[in-house]
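A.B. asks: Okay, so here is structure-v6.cif, and as you'll see once you scroll down, it has mmCIF, C-alpha atoms.
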data_upload
loop_
_atom_site.label_atom_id
_atom_site.label_comp_id
_atom_site.auth_asym_id
_atom_site.auth_seq_id
_atom_site.Cartn_x
_atom_site.Cartn_y
_atom_site.Cartn_z
CA MET A 1145 0.00 0.00 0.00
CA ASN A 1146 1.33 3.44 -0.93
CA GLU A 1147 1.40 5.80 2.05
CA SER A 1148 2.16 8.84 -0.10
CA LEU A 1149 1.45 9.63 -3.74
CA SER A 1150 2.00 12.80 -5.72
CA THR A 1151 -0.83 14.41 -7.65
CA GLU A 1152 0.86 13.39 -10.89
CA GLU A 1153 0.93 9.76 -9.78
CA MET A 1154 -2.76 10.05 -8.92
CA LYS A 1155 -3.59 11.28 -12.40
CA GLY A 1156 -1.83 8.34 -14.01
CA LYS A 1157 -3.19 5.58 -11.79
CA PHE A 1158 -6.76 6.54 -10.88
CA ASP A 1159 -9.86 5.66 -12.89
CA TRP A 1160 -11.39 9.11 -13.35
CA GLU A 1161 -14.33 7.67 -15.32
CA TRP A 1162 -15.39 4.97 -12.82
CA ASP A 1163 -19.08 4.03 -12.87
CA ASP A 1164 -20.93 2.08 -10.17
CA GLY A 1165 -23.39 0.41 -12.53
CA HIS A 1166 -21.83 -3.01 -11.86
CA VAL A 1167 -21.82 -2.78 -8.06
CA VAL A 1168 -25.36 -3.99 -7.26
CA PRO A 1169 -26.02 -7.51 -8.61
CA GLU A 1170 -28.92 -8.15 -10.97
CA VAL A 1171 -30.55 -10.56 -8.51
CA VAL A 1172 -30.82 -9.08 -5.01
CA ASN A 1173 -31.67 -11.68 -2.40
CA PRO A 1174 -32.64 -10.82 1.21
CA GLU A 1175 -29.06 -10.90 2.56
CA VAL A 1176 -27.80 -8.44 -0.08
CA GLU A 1177 -30.74 -6.05 0.37
CA PHE A 1178 -30.39 -6.22 4.14
CA LEU A 1179 -26.64 -5.62 4.14
CA PHE A 1180 -26.85 -2.54 1.91
CA ARG A 1181 -29.79 -1.10 3.86
CA ARG A 1182 -28.30 -1.69 7.31
CA MET A 1183 -24.93 -0.28 6.28
CA ILE A 1184 -26.67 2.92 5.20
CA GLU A 1185 -28.87 3.12 8.31
CA ALA A 1186 -26.04 2.44 10.76
CA THR A 1187 -23.73 4.94 9.07
CA TYR A 1188 -26.38 7.68 9.11
CA GLU A 1189 -27.03 6.93 12.77
CA LYS A 1190 -23.37 7.48 13.63
CA VAL A 1191 -23.04 10.61 11.50
CA ASN A 1192 -26.14 12.04 13.19
CA PRO A 1193 -26.31 15.18 11.00
CA ARG A 1194 -27.43 18.37 12.69
CA GLN A 1195 -28.67 21.70 11.44
CA GLY A 1196 -25.85 23.83 10.04
CA GLU A 1197 -23.07 21.28 10.47
CA LYS A 1198 -20.50 21.24 7.68
CA ILE A 1199 -20.14 17.61 6.62
CA LEU A 1200 -17.82 16.19 3.97
CA ASP A 1201 -18.79 12.96 2.20
CA ILE A 1202 -15.61 11.44 0.75
CA GLY A 1203 -16.30 9.28 -2.29
CA CYS A 1204 -19.89 10.55 -2.49
CA GLY A 1205 -20.72 8.61 -5.67
CA ARG A 1206 -24.22 9.42 -6.88
CA GLY A 1207 -24.76 11.76 -3.94
CA THR A 1208 -27.51 9.66 -2.38
CA ASP A 1209 -25.96 9.72 1.11
CA GLY A 1210 -25.12 13.40 0.95
CA VAL A 1211 -28.65 14.29 -0.14
CA GLU A 1212 -30.12 12.49 2.88
CA LEU A 1213 -27.73 14.32 5.21
CA ALA A 1214 -28.62 17.64 3.55
CA LYS A 1215 -32.32 16.95 4.15
CA LYS A 1216 -31.51 17.03 7.88
CA GLY A 1217 -30.21 20.59 7.55
CA ALA A 1218 -26.49 19.86 7.27
CA MET A 1219 -24.22 21.77 4.88
CA VAL A 1220 -22.94 18.84 2.81
CA ILE A 1221 -19.96 18.74 0.48
CA GLY A 1222 -19.56 15.68 -1.70
CA LEU A 1223 -16.04 14.82 -2.87
CA GLU A 1224 -15.85 12.47 -5.85
CA PRO A 1225 -13.01 11.66 -8.28
CA SER A 1226 -15.15 10.19 -11.08
CA SER A 1227 -16.61 12.70 -13.53
CA ILE A 1228 -19.32 10.15 -14.41
CA MET A 1229 -20.41 9.86 -10.79
CA ILE A 1230 -20.29 13.64 -10.40
CA ALA A 1231 -22.79 13.90 -13.27
CA HIS A 1232 -25.06 11.33 -11.59
CA ALA A 1233 -24.79 13.23 -8.30
CA LYS A 1234 -25.74 16.55 -9.90
CA ASN A 1235 -28.89 14.97 -11.30
CA HIS A 1236 -29.80 13.40 -7.96
CA ILE A 1237 -29.27 16.68 -6.10
CA ALA A 1238 -31.45 18.54 -8.60
CA GLU A 1239 -34.20 15.93 -8.36
CA ASN A 1240 -34.29 16.30 -4.57
CA ASN A 1241 -33.88 20.09 -4.57
CA VAL A 1242 -31.38 20.19 -1.70
CA ASN A 1243 -28.37 22.37 -1.04
CA MET A 1244 -25.34 20.13 -1.52
CA ALA A 1245 -22.02 21.14 -3.05
CA LEU A 1246 -19.84 18.85 -5.19
CA VAL A 1247 -16.06 18.87 -5.51
CA HIS A 1248 -14.14 16.90 -8.13
CA GLY A 1249 -11.15 15.50 -6.28
CA VAL A 1250 -9.56 12.65 -4.30
CA GLY A 1251 -9.44 11.86 -0.60
CA GLU A 1252 -5.65 11.87 -0.57
CA TYR A 1253 -5.62 15.64 -1.27
CA LEU A 1254 -8.60 17.31 0.40
CA PRO A 1255 -9.04 20.91 -0.83
CA PHE A 1256 -10.22 22.22 2.55
CA GLY A 1257 -8.63 24.26 5.29
CA VAL A 1258 -7.22 22.93 8.55
CA CYS A 1259 -9.94 22.40 11.19
CA SER A 1260 -12.66 23.53 8.78
CA LEU A 1261 -15.20 20.69 8.92
CA ASP A 1262 -17.53 19.44 11.66
CA LYS A 1263 -17.77 15.88 10.37
CA VAL A 1264 -16.33 13.66 7.67
CA MET A 1265 -18.07 10.56 6.35
CA CYS A 1266 -16.49 7.90 4.16
CA LYS A 1267 -18.89 5.01 3.49
CA GLY A 1268 -17.74 2.09 1.39
CA ALA A 1269 -15.15 4.17 -0.46
CA LEU A 1270 -11.83 3.91 1.38
CA ASP A 1271 -10.90 0.63 -0.32
CA HIS A 1272 -11.24 2.32 -3.73
CA PHE A 1273 -8.56 4.94 -3.04
CA LEU A 1274 -4.91 4.52 -4.01
CA ALA A 1275 -3.48 5.56 -0.63
CA PRO A 1276 -5.96 5.05 2.26
CA GLU A 1277 -3.31 6.08 4.80
CA MET A 1278 -3.12 9.51 3.17
CA VAL A 1279 -6.90 9.80 3.29
CA MET A 1280 -6.91 9.19 7.05
CA ARG A 1281 -4.20 11.79 7.52
CA GLN A 1282 -6.18 14.31 5.50
CA ILE A 1283 -9.36 13.62 7.47
CA ALA A 1284 -7.52 14.27 10.73
CA THR A 1285 -6.25 17.58 9.36
CA VAL A 1286 -9.55 19.04 8.15
CA LEU A 1287 -11.67 18.11 11.18
CA LYS A 1288 -12.43 20.78 13.74
CA PRO A 1289 -11.51 20.19 17.40
CA GLY A 1290 -14.25 17.90 18.69
CA GLY A 1291 -15.27 16.94 15.17
CA GLU A 1292 -16.08 13.40 14.11
CA ALA A 1293 -15.11 11.03 11.32
CA ILE A 1294 -17.37 8.11 10.44
CA ILE A 1295 -15.69 5.36 8.40
CA ALA A 1296 -17.69 2.40 7.08
CA ILE A 1297 -15.93 -0.37 5.18
CA ALA A 1298 -16.47 -3.98 4.07
CA ASN A 1299 -14.68 -6.54 6.25
CA PHE A 1300 -12.89 -9.12 4.08
CA GLU A 1301 -12.09 -11.25 7.14
CA SER A 1302 -15.72 -11.57 8.21
CA LEU A 1303 -17.16 -14.78 9.64
CA GLY A 1304 -19.17 -15.36 6.47
CA PHE A 1305 -16.10 -15.03 4.25
CA LYS A 1306 -13.97 -17.22 6.52
CA LEU A 1307 -16.57 -19.99 6.51
CA GLY A 1308 -17.08 -19.52 2.78
CA LYS A 1309 -13.38 -20.10 2.11
CA LYS A 1310 -13.43 -23.30 4.17
CA VAL A 1311 -16.50 -24.60 2.36
CA CYS A 1312 -14.90 -23.76 -0.99
CA SER A 1313 -11.67 -25.58 -0.03
CA LEU A 1314 -13.62 -28.63 1.11
CA ARG A 1315 -15.56 -28.74 -2.15
CA LYS A 1316 -12.30 -28.67 -4.11
CA VAL A 1317 -10.92 -31.56 -2.05
CA LEU A 1318 -14.08 -33.51 -2.83
CA GLY A 1319 -13.69 -32.82 -6.53
CA PHE A 1320 -16.45 -30.26 -7.02
CA LYS A 1321 -15.89 -27.45 -9.51
CA GLU A 1322 -16.74 -23.88 -8.60
CA GLY A 1323 -18.84 -21.77 -10.94
CA GLU A 1324 -17.36 -18.96 -12.99
CA GLY A 1325 -17.05 -15.45 -11.62
CA ARG A 1326 -15.54 -13.77 -8.58
CA LEU A 1327 -16.14 -15.34 -5.19
CA PRO A 1328 -17.50 -12.93 -2.54
CA TRP A 1329 -14.29 -12.90 -0.49
CA GLU A 1330 -12.08 -12.11 -3.47
CA ILE A 1331 -11.22 -8.43 -3.81
CA PRO A 1332 -13.15 -6.76 -6.69
CA SER A 1333 -11.16 -5.39 -9.61
CA ASP A 1334 -12.11 -1.79 -8.75
CA HIS A 1335 -10.81 -2.09 -5.17
CA THR A 1336 -7.26 -1.03 -4.37
CA TYR A 1337 -7.03 -2.57 -0.93
CA LYS A 1338 -8.52 -5.39 1.15
CA PHE A 1339 -9.61 -4.22 4.58
CA ASP A 1340 -10.46 -6.11 7.72
CA TYR A 1341 -11.32 -4.95 11.24
CA ARG A 1342 -7.79 -4.92 12.61
CA LEU A 1343 -6.35 -3.08 9.63
CA ILE A 1344 -8.98 -0.35 9.42
CA LYS A 1345 -8.83 0.24 13.18
CA ARG A 1346 -5.02 0.39 13.18
CA MET A 1347 -4.99 2.77 10.22
CA ALA A 1348 -7.60 5.04 11.80
CA ASN A 1349 -5.80 5.04 15.15
CA SER A 1350 -2.58 6.19 13.51
CA HIS A 1351 -4.14 9.59 12.80
CA LEU A 1352 -7.39 9.72 14.77
CA LYS A 1353 -8.79 8.45 18.05
CA VAL A 1354 -11.25 5.60 17.52
CA GLU A 1355 -14.02 6.10 20.05
CA GLN A 1356 -16.41 3.39 18.87
CA ALA A 1357 -16.36 0.38 16.56
CA ILE A 1358 -19.51 -1.52 15.63
CA GLY A 1359 -20.31 -4.30 13.20
CA VAL A 1360 -23.12 -4.59 10.68
CA SER A 1361 -24.62 -7.93 9.56
CA LEU A 1362 -23.25 -11.46 9.83
CA LEU A 1363 -22.72 -14.38 7.45
CA PHE A 1364 -22.88 -12.47 4.16
CA GLY A 1365 -21.11 -14.51 1.48
CA LEU A 1366 -21.63 -17.88 3.16
CA PRO A 1367 -22.40 -20.40 0.39
CA TRP A 1368 -26.13 -21.11 -0.05
CA TRP A 1369 -26.99 -18.66 2.74
CA GLY A 1370 -28.71 -16.21 0.40
CA THR A 1371 -30.60 -19.01 -1.32
CA PHE A 1372 -31.80 -20.34 2.04
CA LEU A 1373 -33.03 -16.91 3.13
CA ASP A 1374 -34.73 -16.38 -0.21
CA LYS A 1375 -36.77 -19.55 0.29
CA CYS A 1376 -37.85 -18.55 3.80
CA PRO A 1377 -40.99 -16.48 4.39
CA ARG A 1378 -40.06 -12.81 4.41
CA SER A 1379 -40.91 -12.46 8.10
CA VAL A 1380 -38.61 -15.38 8.97
CA SER A 1381 -35.63 -14.15 6.91
CA SER A 1382 -36.04 -10.64 8.36
CA CYS A 1383 -36.06 -12.03 11.90
CA ILE A 1384 -32.91 -14.07 11.24
CA LEU A 1385 -31.05 -11.18 9.63
CA ASN A 1386 -32.03 -8.67 12.32
CA THR A 1387 -30.97 -11.08 15.09
CA LEU A 1388 -27.59 -11.64 13.45
CA ASP A 1389 -27.18 -7.89 12.96
CA ARG A 1390 -27.72 -7.26 16.67
CA ILE A 1391 -25.00 -9.82 17.43
CA ALA A 1392 -22.70 -8.27 14.81
CA ARG A 1393 -22.80 -4.86 16.52
CA HIS A 1394 -20.74 -6.35 19.37
CA LEU A 1395 -18.45 -8.41 17.11
CA PRO A 1396 -17.02 -6.00 14.51
CA SER A 1397 -14.07 -8.27 13.78
CA LEU A 1398 -16.48 -10.95 12.47
CA SER A 1399 -19.14 -8.68 10.98
CA ASP A 1400 -19.69 -8.05 7.27
CA VAL A 1401 -19.20 -4.28 7.60
CA VAL A 1402 -17.16 -2.31 10.15
CA ILE A 1403 -18.13 1.22 11.17
CA LEU A 1404 -15.74 3.41 13.15
CA ARG A 1405 -16.56 6.68 14.90
CA CYS A 1406 -13.39 8.72 15.40
CA ARG A 1407 -12.27 12.10 16.72
CA PRO A 1408 -9.10 14.14 16.18
CA ARG A 1409 -6.26 13.33 18.55
CA ASP A 1410 -5.59 15.96 21.22
CA GLU A 1411 -1.88 16.07 20.46
CA GLY A 1412 -2.61 16.79 16.80
CA LEU A 1413 -4.93 19.62 17.72
CA THR A 1414 -2.35 21.12 20.05
CA LEU A 1415 0.26 21.10 17.26
CA ILE A 1416 -2.13 22.71 14.76
CA GLN A 1417 -3.23 25.37 17.24
CA GLY A 1418 0.37 26.08 18.15
CA ASN A 1419 1.36 26.55 14.50
CA SER A 1420 -1.56 28.91 13.90
CA THR A 1421 -0.51 31.22 16.75
CA SER A 1422 3.25 31.22 16.08
#
Please express what this file holds, its structure, as structure tokens.
C.D. replies:
Amino acid sequence: MNESLSTEEMKGKFDWEWDDGHVVPEVVNPEVEFLFRRMIEATYEKVNPRQGEKILDIGCGRGTDGVELAKKGAMVIGLEPSSIMIAHAKNHIAENNVNMALVHGVGEYLPFGVCSLDKVMCKGALDHFLAPEMVMRQIATVLKPGGEAIIAIANFESLGFKLGKKVCSLRKVLGFKEGEGRLPWEIPSDHTYKFDYRLIKRMANSHLKVEQAIGVSLLFGLPWWGTFLDKCPRSVSSCILNTLDRIARHLPSLSDVVILRCRPRDEGLTLIQGNSTS
């Protein structure tokens, strides 16, 4: 993983025309729908947007998250490197008639002043950036004293993925052939890094103070799990998924998604304040 990249290196390596049309599968079974929905709900809950707060959404994509935060009265800025996604976001903002600004840029070089933002949100985007460590450093710099950063990321060492790998290995030993296509625990082609709970927490703690870590959902990616849930009555599958989600909140290392709530470190704030008065 690159800890530091120049702007010229960014230009040559980043996909500035990335589109998310391939992200959501054509067939959405209960586990997929639940995971996406709960990730959104849990992230919004931790961001807890308030009237007048200046919130940055890093990797804002189509602007759907930012629009919902803006509806709560927050002053939202969406940062997005893809010109295609920026176009989608503009349309979505216009359709919802909210006040949300868009900036074409990358998380490694945030075009904002020191201690200028109340909150920073990065949901499902950190593993798309070329240098996640730089993004964390930038977040710590732009947050106001007492500000908050909410980071949500897929956990590639989840319980579901671990069990899935074991089942896959056993099938190979028994002579079964796997179908074509990427397995859930294999890193997608548009990802630049493979995160798990320990890594994301360690990276965040190197520049911020992690105050809370929660998990979202359990057993996503387990072979035949989605098919089983799809065959259950909706009320039964919902009960199972909600029960597992409540367990996942206390087991972020095994959960399908990890959400961190962080604050700037006191020593970093002291240094910044000292430089501003010298």
A.B. asks: Do you have the atom CA of Leu1327 of chain A-atom CA of Ile1297 of chain A distance handy?
C.D. replies: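 Interatomic distance here is 18.2 Å.
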A.B. asks: Between A:Val1317, A:Leu1179, A:Trp1160, A:Glu1322, which has the minimum distance to Leu1388 of chain A (counting only C-alpha atoms)?
C.D. replies: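 The closest residue to Leu1388 of chain A is A:Leu1179.
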A.B. asks: With distances taken over only C-alpha atoms, which residue among A:Gly1365, A:Glu1161, A:Arg1393, A:Leu1213 lies nearest Arg1326 of chain A?
C.D. replies: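 Once distances to Arg1326 of chain A are computed over only C-alpha atoms, the minimum belongs to A:Gly1365.
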A.B. asks: Rounded to one decimal, what separation in Å do you get between atom CA of Thr1387 of chain A and atom CA of Glu1301 of chain A?
C.D. replies: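 Computing the Euclidean distance for atom CA of Thr1387 of chain A and atom CA of Glu1301 of chain A yields 20.5 Å.
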A.B. asks: Work out how far apart atom CA of Val1211 of chain A and atom CA of His1236 of chain A are and give it in Å to one decimal.
C.D. replies: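 Atom CA of His1236 of chain A lies 8.0 Å from atom CA of Val1211 of chain A.
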A.B. asks: Would you translate the PyMOL selection byres ((chain A and resi 1273) around 8) into the concrete set of residues it matches in this file, as a ChimeraX atom specification?
C.D. replies: /A:1250-1252,1269-1272,1274-1276,1335-1337
A.B. asks: With all heavy atoms as the goal, would you fill in the gaps in segment 1253-1264 of chain A and present it as a compact mmCIF listing (two decimals), in the coordinates of the input?
C.D. replies:
# COMPACT_ATOMS: atom_id res chain seq x y z
N TYR A 1253 -5.94 14.20 -1.24
CA TYR A 1253 -5.62 15.64 -1.27
C TYR A 1253 -6.93 16.42 -1.10
O TYR A 1253 -7.53 16.85 -2.08
CB TYR A 1253 -4.93 16.02 -2.58
CG TYR A 1253 -3.53 15.46 -2.71
CD1 TYR A 1253 -3.30 14.27 -3.38
CD2 TYR A 1253 -2.45 16.12 -2.14
CE1 TYR A 1253 -2.02 13.74 -3.49
CE2 TYR A 1253 -1.16 15.60 -2.24
CZ TYR A 1253 -0.96 14.41 -2.92
OH TYR A 1253 0.31 13.90 -3.02
N LEU A 1254 -7.35 16.61 0.15
CA LEU A 1254 -8.60 17.31 0.40
C LEU A 1254 -8.40 18.82 0.26
O LEU A 1254 -7.53 19.40 0.93
CB LEU A 1254 -9.12 16.99 1.81
CG LEU A 1254 -9.49 15.53 2.08
CD1 LEU A 1254 -9.99 15.36 3.51
CD2 LEU A 1254 -10.54 15.04 1.09
N PRO A 1255 -9.19 19.47 -0.59
CA PRO A 1255 -9.04 20.91 -0.83
C PRO A 1255 -9.80 21.76 0.19
O PRO A 1255 -10.60 22.62 -0.16
CB PRO A 1255 -9.63 21.07 -2.23
CG PRO A 1255 -10.71 20.04 -2.29
CD PRO A 1255 -10.20 18.87 -1.48
N PHE A 1256 -9.54 21.49 1.48
CA PHE A 1256 -10.22 22.22 2.55
C PHE A 1256 -9.20 22.67 3.59
O PHE A 1256 -8.15 22.06 3.75
CB PHE A 1256 -11.29 21.34 3.21
CG PHE A 1256 -12.27 20.74 2.23
CD1 PHE A 1256 -12.14 19.43 1.83
CD2 PHE A 1256 -13.28 21.50 1.69
CE1 PHE A 1256 -13.01 18.87 0.91
CE2 PHE A 1256 -14.16 20.96 0.77
CZ PHE A 1256 -14.03 19.65 0.38
N GLY A 1257 -9.55 23.72 4.30
CA GLY A 1257 -8.63 24.26 5.29
C GLY A 1257 -8.50 23.40 6.53
O GLY A 1257 -9.35 22.54 6.81
N VAL A 1258 -7.44 23.63 7.29
CA VAL A 1258 -7.22 22.93 8.55
C VAL A 1258 -8.35 23.25 9.52
O VAL A 1258 -8.77 24.41 9.64
CB VAL A 1258 -5.85 23.34 9.15
CG1 VAL A 1258 -5.68 22.76 10.55
CG2 VAL A 1258 -4.72 22.89 8.24
N CYS A 1259 -8.87 22.24 10.18
CA CYS A 1259 -9.94 22.40 11.19
C CYS A 1259 -11.15 23.15 10.64
O CYS A 1259 -11.69 24.05 11.28
CB CYS A 1259 -9.40 23.13 12.42
SG CYS A 1259 -8.04 22.30 13.25
N SER A 1260 -11.58 22.79 9.43
CA SER A 1260 -12.66 23.53 8.78
C SER A 1260 -13.99 22.78 8.72
O SER A 1260 -15.01 23.36 8.36
CB SER A 1260 -12.24 23.90 7.35
OG SER A 1260 -11.97 22.73 6.58
N LEU A 1261 -13.99 21.49 9.08
CA LEU A 1261 -15.20 20.69 8.92
C LEU A 1261 -15.66 20.10 10.25
O LEU A 1261 -14.84 19.70 11.08
CB LEU A 1261 -14.95 19.55 7.93
CG LEU A 1261 -14.52 19.97 6.52
CD1 LEU A 1261 -14.12 18.75 5.71
CD2 LEU A 1261 -15.63 20.74 5.83
N ASP A 1262 -16.98 20.02 10.42
CA ASP A 1262 -17.53 19.44 11.66
C ASP A 1262 -17.46 17.91 11.64
O ASP A 1262 -17.16 17.29 12.66
CB ASP A 1262 -18.99 19.87 11.83
CG ASP A 1262 -19.13 21.37 12.04
OD1 ASP A 1262 -18.63 21.87 13.05
OD2 ASP A 1262 -19.72 22.03 11.15
N LYS A 1263 -17.77 17.33 10.48
CA LYS A 1263 -17.77 15.88 10.37
C LYS A 1263 -17.30 15.45 8.98
O LYS A 1263 -17.47 16.19 8.02
CB LYS A 1263 -19.17 15.31 10.64
CG LYS A 1263 -19.64 15.48 12.07
CD LYS A 1263 -21.09 15.03 12.26
CE LYS A 1263 -21.52 15.23 13.71
NZ LYS A 1263 -22.96 14.92 13.91
N VAL A 1264 -16.72 14.26 8.94
CA VAL A 1264 -16.33 13.66 7.67
C VAL A 1264 -16.90 12.24 7.63
O VAL A 1264 -16.75 11.49 8.60
CB VAL A 1264 -14.80 13.61 7.51
CG1 VAL A 1264 -14.43 12.84 6.23
CG2 VAL A 1264 -14.21 15.01 7.46
